[in-house]
Amino acid sequence: EPVVPDLAAGSILLRSFTYEPGDWIDAEVEITNIGTGPVGPAVVDVYLSSDNQIDASDTYICTLTSSSLAVNGADETDLPSNCVVPMVNVGSYYLGALIDPSDIYAELDESNNSLVYSIPMQVLEPQTYDLTIISADAANYFLKSLDQNEFYVRLANLGNRDINSAVEVTFFFSDDDVIDMSDTEICATTFWLVEAGGEVAVSLPCEVPILPDGE
């Protein structure tokens, strides 16, 4: 009997079934050697597929490497941190893998080198923030240096994810209609919550800095 390895699909364990693009895929791949001889480390390419048949035309995710395997040995490897969901359409996808895709090893059976998890994972629409300024205003427009004035801004979160952390709003004076960090800062405040699709109004009494006369 020839002494030849046979890398074979063991199993895939998918620990979570709901993901967004950019999420690490929490899964484990098992590879076995059911041949008559040992085998060295093997390359495993991981894919997402819209059906339960995995081949090289599917969406490539990442590559991992198994340990060397004795006869009847098995290797269980978690997907590394670079195995993340790519930018794909929202929907259902099967997670699968191809073992030794370049046929580095001569094996007893080359037809058992693919595996797929039987239950599809769900890829959801990315959850993002999108803060935009709707309007900005001031209580008075004729001011002198060191005057107190109330400034207002209304913001909207056009994204689909709530903002639940601190967001700073800074008011500036500018000699043109383009605001950037080189302009003169007046004052700043912080707010904490803008729901997805929601708005927030911010007002703040501020002292006018010492500036030359002008607009």
# chains A, B, ... in the order shown; residues from 1 in each chain; ligands from 1

call {"tool": "residues_around", "arguments": {"residues": "Ala70 of chain A", "least_positions_apart": "5", "cutoff": "10 Å", "atoms": "only C-alpha atoms", "output": "ChimeraX atom specification"}}
result
/A:5,32-40

call {"tool": "closest_atom_pairs", "arguments": {"of": "segment 66-173 of chain A", "to": "segment 183-197 of chain A", "cutoff": "9 Å", "atoms": "only C-alpha atoms", "output": "Markdown table"}}
result
| residue | atom | partner | partner_atom | distance |
| --- | --- | --- | --- | --- |
| A:Thr128 | CA | A:Ala196 | CA | 9.0 |
| A:Tyr129 | CA | A:Ala196 | CA | 7.6 |
| A:Asp130 | CA | A:Ala196 | CA | 8.7 |
| A:Leu131 | CA | A:Val194 | CA | 8.9 |
| A:Leu155 | CA | A:Val194 | CA | 8.7 |
| A:Ala156 | CA | A:Gly197 | CA | 6.9 |
| A:Asn157 | CA | A:Gly197 | CA | 5.3 |
| A:Leu158 | CA | A:Gly197 | CA | 5.1 |
| A:Gly159 | CA | A:Ala196 | CA | 5.7 |
| A:Asn160 | CA | A:Ala196 | CA | 4.9 |
| A:Arg161 | CA | A:Ala196 | CA | 5.0 |
| A:Asp162 | CA | A:Glu195 | CA | 4.3 |
| A:Ile163 | CA | A:Val194 | CA | 5.1 |
| A:Asn164 | CA | A:Leu193 | CA | 4.9 |
| A:Ser165 | CA | A:Trp192 | CA | 5.3 |
| A:Ala166 | CA | A:Trp192 | CA | 4.7 |
| A:Val167 | CA | A:Phe191 | CA | 5.5 |
| A:Glu168 | CA | A:Thr190 | CA | 4.4 |
| A:Val169 | CA | A:Thr189 | CA | 5.4 |
| A:Thr170 | CA | A:Ala188 | CA | 4.1 |
| A:Phe171 | CA | A:Ile186 | CA | 5.5 |
| A:Phe172 | CA | A:Glu185 | CA | 4.4 |
| A:Phe173 | CA | A:Thr184 | CA | 5.1 |

call {"tool": "closest_residue", "arguments": {"among": "A:Ser11, A:Ile31, A:Tyr94, A:Leu48", "to": "Ser67 of chain A", "atoms": "only C-alpha atoms"}}
result
A:Ile31

call {"tool": "closest_residue", "arguments": {"among": "A:Leu64, A:Ile179, A:Asn113, A:Met87", "to": "Asp6 of chain A", "atoms": "only C-alpha atoms"}}
result
A:Asn113

call {"tool": "residues_around", "arguments": {"residues": "Ile119 of chain A", "least_positions_apart": "3", "cutoff": "12 Å", "atoms": "only C-alpha atoms", "output": "list in words"}}
result
Ile12, Leu13, Leu14, Arg15, Ser16, Phe17, Thr18, Ser49, Ser50, Asp51, Asn52, Ser92, Tyr93, Tyr94, Leu95, Gly96, Val116 and Gln122 of chain A

call {"tool": "atom_distance", "arguments": {"atom1": "atom CA of Glu199 of chain A", "atom2": "atom CA of Val153 of chain A"}}
result
10.6 Å

call {"tool": "residues_around", "arguments": {"residues": "Tyr60 of chain A", "least_positions_apart": "2", "cutoff": "10 Å", "atoms": "only C-alpha atoms", "output": "VMD selection string"}}
result
chain A and resid 45 to 49 55 to 58 62 to 63 83 85 to 86 96 to 97

call {"tool": "residues_around", "arguments": {"residues": "Leu79 of chain A", "least_positions_apart": "6", "cutoff": "8 Å", "atoms": "only C-alpha atoms", "output": "list in words"}}
result
Ile25, Asp26, Ala27, Glu28, Val29 and Leu64 of chain A

call {"tool": "atom_distance", "arguments": {"atom1": "atom CA of Ser145 of chain A", "atom2": "atom CA of Asp177 of chain A"}}
result
20.3 Å

call {"tool": "select_by_dssp", "arguments": {"residues": "segment 88-190 of chain A", "states": "strand (DSSP E)", "output": "JSON, numbers by chain"}}
result
{"A": [91, 92, 93, 94, 95, 96, 97, 98, 99, 114, 115, 116, 121, 122, 123, 131, 132, 133, 134, 135, 136, 137, 138, 148, 149, 150, 151, 152, 153, 154, 155, 156, 157, 167, 168, 169, 170, 171, 172, 173, 184, 185, 186, 187, 188, 189, 190]}

call {"tool": "residues_around", "arguments": {"residues": "Ser111 of chain A", "least_positions_apart": "4", "cutoff": "12 Å", "atoms": "only C-alpha atoms", "output": "JSON list (two decimals) with N, CA, C and O atoms, in the first residue's frame"}}
result
[["chain", "number", "residue", "atom", "x", "y", "z"],
["A", 6, "ASP", "N", -3.62, 12.12, 2.85],
["A", 6, "ASP", "CA", -4.90, 12.50, 2.25],
["A", 6, "ASP", "C", -5.56, 13.56, 3.14],
["A", 6, "ASP", "O", -6.22, 13.24, 4.12],
["A", 7, "LEU", "N", -5.31, 14.80, 2.77],
["A", 7, "LEU", "CA", -5.95, 15.90, 3.49],
["A", 7, "LEU", "C", -7.44, 15.90, 3.19],
["A", 7, "LEU", "O", -7.85, 15.79, 2.03],
["A", 8, "ALA", "N", -8.22, 16.00, 4.23],
["A", 8, "ALA", "CA", -9.67, 15.93, 4.04],
["A", 8, "ALA", "C", -10.36, 16.96, 4.93],
["A", 8, "ALA", "O", -9.84, 17.36, 5.98],
["A", 9, "ALA", "N", -11.53, 17.36, 4.46],
["A", 9, "ALA", "CA", -12.33, 18.31, 5.22],
["A", 9, "ALA", "C", -12.84, 17.65, 6.49],
["A", 9, "ALA", "O", -13.48, 16.59, 6.43],
["A", 55, "ASP", "N", -15.85, 27.03, -4.29],
["A", 55, "ASP", "CA", -14.76, 26.89, -5.24],
["A", 55, "ASP", "C", -14.03, 28.22, -5.34],
["A", 55, "ASP", "O", -14.41, 29.21, -4.71],
["A", 98, "LEU", "N", -11.12, 25.80, 1.08],
["A", 98, "LEU", "CA", -10.44, 24.88, 0.17],
["A", 98, "LEU", "C", -9.09, 24.52, 0.78],
["A", 98, "LEU", "O", -8.31, 25.41, 1.12],
["A", 99, "ILE", "N", -8.84, 23.24, 0.92],
["A", 99, "ILE", "CA", -7.59, 22.74, 1.53],
["A", 99, "ILE", "C", -6.57, 22.46, 0.43],
["A", 99, "ILE", "O", -6.90, 21.85, -0.59],
["A", 100, "ASP", "N", -5.35, 22.92, 0.66],
["A", 100, "ASP", "CA", -4.27, 22.72, -0.31],
["A", 100, "ASP", "C", -4.72, 23.11, -1.72],
["A", 100, "ASP", "O", -4.66, 22.29, -2.66],
["A", 101, "PRO", "N", -5.17, 24.36, -1.91],
["A", 101, "PRO", "CA", -5.76, 24.74, -3.20],
["A", 101, "PRO", "C", -4.78, 24.68, -4.37],
["A", 101, "PRO", "O", -5.20, 24.54, -5.52],
["A", 103, "ASP", "N", -2.56, 22.35, -4.72],
["A", 103, "ASP", "CA", -2.15, 20.93, -4.88],
["A", 103, "ASP", "C", -0.65, 20.74, -4.63],
["A", 103, "ASP", "O", 0.07, 20.10, -5.42],
["A", 106, "ALA", "N", 0.70, 15.58, -3.08],
["A", 106, "ALA", "CA", 0.02, 14.48, -3.79],
["A", 106, "ALA", "C", -0.77, 13.69, -2.75],
["A", 106, "ALA", "O", -0.23, 13.30, -1.71],
["A", 107, "GLU", "N", -2.05, 13.47, -3.03],
["A", 107, "GLU", "CA", -2.92, 12.83, -2.05],
["A", 107, "GLU", "C", -3.63, 11.63, -2.66],
["A", 107, "GLU", "O", -3.75, 11.49, -3.88],
["A", 115, "LEU", "N", -14.77, 22.17, 2.15],
["A", 115, "LEU", "CA", -15.76, 22.02, 3.21],
["A", 115, "LEU", "C", -16.56, 23.31, 3.32],
["A", 115, "LEU", "O", -16.09, 24.39, 2.96]]
